[in-house]
Amino acid sequence: MPERVIFTPAALDEPWGQQILSRVRSLNLPVEELPRNRLTGLRGENERETYDISKRTLAVVTAPPSSFKLSPIPPSADWQFHIAEGCPAHCQYCYLAGSLSGPPVIRVFANLPQILDNLVSYERPSEVTTFEVSCYTDPLGIEHLTGSLAECIRYFGTRENAQLRWVSKFDGVSELLSLPHNGRTRCRISVNAALISGKFEGGTASVTSRLQALRRLALPHSQGGGGYPVGLVIAPIMPIEDWELHYTRLFDDISAALDFDCDLTFELISHRFTPGSKEVLMQWYPHNKLDMDEENRSVKRNKFGGIKYVYDADTMKKLRRFFESQIAKRFPVAKILYWT
């Protein structure tokens with residue numbers, strides 16, 4: 001629950017902005033209407049204080065014109081679109097560090113109908129086009145405040161050649177179970193070994209709770225579930241001490257939660273960081289215990305000259321072999337979408 005909810009005038013002019021306002025007021029949260037379409041009062045005396053202020057603030061704004069020009073997001077999906085930017089969780093390896101400019105306030109977009117209408121021009125006519133909605137936010141973590149994820153699911157339920165993809169570290173799925181998704185939304189939950197999640201994923205649901213949420217999403221309607229296609233994102237994978245033991249326990253928990261036939265995919269992502277993300281993370285979490293020693297990493301360059309620090313080739317091979325063998329043994333019908 002945010003401590004401060006602010007609305008810009010443009011957001012209040014949108015019918016969806018008014019719907020969000022009603023939800024927020026029903027939760028008895030303090031609402032502030034700004035005089036201009038500009039966010040203020042988010043800066044502290046240092047980056048850590050700015051982080052604290054921003055993470056406690058929900059700002060309802062309108063998506064800028066630039067957000068209507070979609071970007072491809074391989075290997076996760078064909079395109080990414082955004083219903084919000086910023087996340088309520090406190091993961092010490094945060095993927096958004098260095099990706100979004102300015103204070104990490106949670107910005108929710110009030111012009112959702114226009115955002116969804118814009119997607120039609122990106123659909124391929126003869127094959128399924130996939131759209132990822134959780135690149136810059138955790139949509140389930142703010143769903144009780146916005147209702148925007150449910151609206152996306154309803155929309156994609158009407159599109160024959162499009163599929164919605166979202167991922168979360170939260171577990172509040174009850175309101176999603178009865179939606180008319182028509183199999184066109186794949187719900188994914190991000191998980192990790194309990195030791196890693198407990199140490200680095202502050203403010204999130206426990207891995208056990210997340211897996212139970214995924215179970216509810218995957219169960220057929222006849223058993224009280226949502227009947228969705230589902231997926232697991234195991235990330236960020238880290239070769240901690242006794243990592244095989246810790247990740248075997250994770251797979252034991254996954255097997256117990258998904259002990260029935262379901263449409264299941266896996267995405268496997270090893271831990272990596274950039275010089276920019278490391279700098280931001282150390283400002284946000286000055287006592288961070290995350291292993292970000294460049295001396296222990298290999299350098300991976302992209303086509304634009306940017307670099308990421310990844311695990312060395314031998315470590316990556318061992319990790320990949322373990323995860324692929326576990327999935328093949330336990331979930332022989334599941335698809336591994338990618339390893340990175």
# chains A, B, ... in the order shown; residues from 1 in each chain; ligands from 1
$ residues_around --residues "Ser298 in chain A" --least-positions-apart "5" --cutoff "8 Å" --atoms "only C-alpha atoms" --output "PyMOL selection string"
chain A and resi 309-313
$ write_last_selection --atoms "N, CA and C atoms" --output "PDB file, in the first residue's frame"
ATOM      1  N   TYR A 309      28.080  -7.879 -17.267  1.00  0.00           N
ATOM      2  CA  TYR A 309      28.947  -8.834 -16.590  1.00  0.00           C
ATOM      3  C   TYR A 309      28.129 -10.095 -16.306  1.00  0.00           C
ATOM      4  N   VAL A 310      28.575 -11.210 -16.879  1.00  0.00           N
ATOM      5  CA  VAL A 310      27.876 -12.482 -16.756  1.00  0.00           C
ATOM      6  C   VAL A 310      28.831 -13.516 -16.163  1.00  0.00           C
ATOM      7  N   TYR A 311      28.302 -14.691 -15.828  1.00  0.00           N
ATOM      8  CA  TYR A 311      29.155 -15.754 -15.321  1.00  0.00           C
ATOM      9  C   TYR A 311      30.019 -16.325 -16.449  1.00  0.00           C
ATOM     10  N   ASP A 312      31.155 -16.906 -16.085  1.00  0.00           N
ATOM     11  CA  ASP A 312      32.051 -17.469 -17.092  1.00  0.00           C
ATOM     12  C   ASP A 312      31.391 -18.660 -17.786  1.00  0.00           C
ATOM     13  N   ALA A 313      31.937 -19.030 -18.927  1.00  0.00           N
ATOM     14  CA  ALA A 313      31.317 -20.045 -19.788  1.00  0.00           C
ATOM     15  C   ALA A 313      31.168 -21.384 -19.082  1.00  0.00           C
TER      16      ALA A 313
END
$ residues_around --residues "Ser206 in chain A" --least-positions-apart "4" --cutoff "10 Å" --atoms "only C-alpha atoms" --output "JSON, numbers by chain"
{"A": [169, 170, 171, 191, 194, 197, 198, 201, 202, 210, 211, 212]}
$ residues_around --residues "Ser121 in chain A" --least-positions-apart "2" --cutoff "12 Å" --atoms "only C-alpha atoms" --output "list of chain:residue names"
A:Phe68, A:Lys69, A:Leu70, A:Trp79, A:Ile115, A:Leu116, A:Asp117, A:Asn118, A:Leu119, A:Glu123, A:Arg124, A:Pro125, A:Thr129, A:Ala162
$ write_last_selection --atoms "N, CA, C and O atoms" --output "compact mmCIF listing (two decimals), in the first residue's frame"
# COMPACT_ATOMS: atom_id res chain seq x y z
N PHE A 68 3.83 4.84 -27.28
CA PHE A 68 2.96 4.22 -28.28
C PHE A 68 3.75 3.67 -29.47
O PHE A 68 3.17 3.05 -30.36
N LYS A 69 5.05 3.89 -29.47
CA LYS A 69 5.92 3.25 -30.45
C LYS A 69 6.60 2.07 -29.75
O LYS A 69 7.53 2.23 -28.98
N LEU A 70 6.09 0.86 -30.00
CA LEU A 70 6.53 -0.31 -29.25
C LEU A 70 7.92 -0.77 -29.68
O LEU A 70 8.33 -0.59 -30.83
N TRP A 79 6.75 -8.02 -28.71
CA TRP A 79 6.71 -6.59 -28.39
C TRP A 79 6.49 -6.40 -26.90
O TRP A 79 5.92 -7.24 -26.23
N ILE A 115 -3.78 2.85 -24.91
CA ILE A 115 -2.62 1.95 -24.95
C ILE A 115 -3.01 0.62 -25.57
O ILE A 115 -2.28 0.07 -26.42
N LEU A 116 -4.15 0.08 -25.19
CA LEU A 116 -4.59 -1.21 -25.73
C LEU A 116 -5.00 -1.09 -27.19
O LEU A 116 -4.69 -1.96 -28.01
N ASP A 117 -5.69 -0.01 -27.55
CA ASP A 117 -6.09 0.18 -28.95
C ASP A 117 -4.87 0.24 -29.87
O ASP A 117 -4.94 -0.18 -31.03
N ASN A 118 -3.78 0.75 -29.37
CA ASN A 118 -2.57 0.90 -30.17
C ASN A 118 -1.92 -0.43 -30.55
O ASN A 118 -1.15 -0.51 -31.50
N LEU A 119 -2.24 -1.49 -29.80
CA LEU A 119 -1.58 -2.78 -30.02
C LEU A 119 -2.01 -3.44 -31.33
O LEU A 119 -1.27 -4.24 -31.89
N GLU A 123 -0.07 -6.36 -34.44
CA GLU A 123 -0.42 -7.77 -34.57
C GLU A 123 -0.13 -8.27 -35.99
O GLU A 123 -0.40 -7.58 -36.96
N ARG A 124 0.41 -9.48 -36.08
CA ARG A 124 0.58 -10.13 -37.38
C ARG A 124 -0.73 -10.81 -37.75
O ARG A 124 -1.36 -11.45 -36.90
N PRO A 125 -1.15 -10.72 -38.99
CA PRO A 125 -2.48 -11.24 -39.35
C PRO A 125 -2.59 -12.75 -39.36
O PRO A 125 -3.67 -13.29 -39.11
N THR A 129 0.93 -13.06 -32.24
CA THR A 129 1.90 -12.05 -31.82
C THR A 129 1.86 -11.96 -30.30
O THR A 129 0.78 -11.87 -29.71
N ALA A 162 -3.32 -12.77 -30.85
CA ALA A 162 -2.42 -12.07 -29.92
C ALA A 162 -2.43 -12.78 -28.58
O ALA A 162 -3.44 -13.35 -28.16
$ atom_distance --atom1 "CA of Phe7 in chain A" --atom2 "CA of Val60 in chain A"
4.8 Å
$ closest_residue --among "A:Leu176, A:Ile234, A:Val105, A:Val120" --to "Phe251 in chain A" --atoms "only C-alpha atoms"
A:Ile234
$ select_by_dssp --residues "range 20-253 of chain A" --states "alpha helix (DSSP H)" --output "VMD selection string"
chain A and resid 20 to 26 47 to 55 112 to 117 143 to 146 148 to 156 194 to 200 207 to 218 243 to 253
$ residues_around --residues "Asp261 in chain A" --least-positions-apart "3" --cutoff "10 Å" --atoms "only C-alpha atoms" --output "PyMOL selection string"
chain A and resi 218-220+258+264+331+333-334
$ closest_residue --among "A:Leu281, A:Val299, A:Leu268, A:Ala59" --to "Lys335 in chain A" --atoms "only C-alpha atoms"
A:Leu268
$ residues_around --residues "Asn288 in chain A" --least-positions-apart "2" --cutoff "12 Å" --atoms "only C-alpha atoms" --output "ChimeraX atom specification"
/A:90-94,199-202,278-286,290-292
$ select_by_dssp --residues "range 16-256 of chain A" --states "strand (DSSP E)" --output "JSON, numbers by chain"
{"A": [31, 32, 33, 57, 58, 59, 60, 61, 71, 72, 73, 77, 78, 79, 80, 84, 85, 90, 91, 106, 107, 108, 109, 129, 130, 131, 132, 162, 163, 164, 165, 166, 167, 168, 185, 186, 187, 188, 189, 190, 191, 201, 202, 230, 231, 232, 233, 234, 235, 236, 237]}
$ atom_distance --atom1 "CA of Gly147 in chain A" --atom2 "CA of Arg23 in chain A"
8.3 Å
$ closest_atom_pairs --of "range 242-312 of chain A" --to "range 164-167 of chain A" --cutoff "12 Å" --atoms "only C-alpha atoms" --output "Markdown table"
| residue | atom | partner | partner_atom | distance |
| --- | --- | --- | --- | --- |
| A:Thr265 | CA | A:Arg165 | CA | 11.6 |
| A:Phe266 | CA | A:Val167 | CA | 11.8 |
| A:Glu267 | CA | A:Val167 | CA | 10.8 |
$ closest_residue --among "A:Phe109, A:Asp259, A:Tyr228, A:Trp339" --to "Arg321 in chain A" --atoms "only C-alpha atoms"
A:Trp339
$ closest_residue --among "A:Gly141, A:Pro236, A:Pro229, A:Pro72" --to "Asp263 in chain A" --atoms "only C-alpha atoms"
A:Pro229
$ atom_distance --atom1 "CA of Tyr136 in chain A" --atom2 "CA of Val173 in chain A"
19.7 Å
$ closest_residue --among "A:Phe156, A:Tyr95, A:Tyr122, A:Ser325" --to "Ile269 in chain A" --atoms "only C-alpha atoms"
A:Tyr95
$ residues_around --residues "Ser76 in chain A" --least-positions-apart "3" --cutoff "9 Å" --atoms "only C-alpha atoms" --output "PyMOL selection string"
chain A and resi 73+79-80+130-132+165+267+337-338
$ closest_residue --among "A:Leu96, A:Ala256, A:Ile153, A:Val207" --to "Thr137 in chain A" --atoms "only C-alpha atoms"
A:Leu96
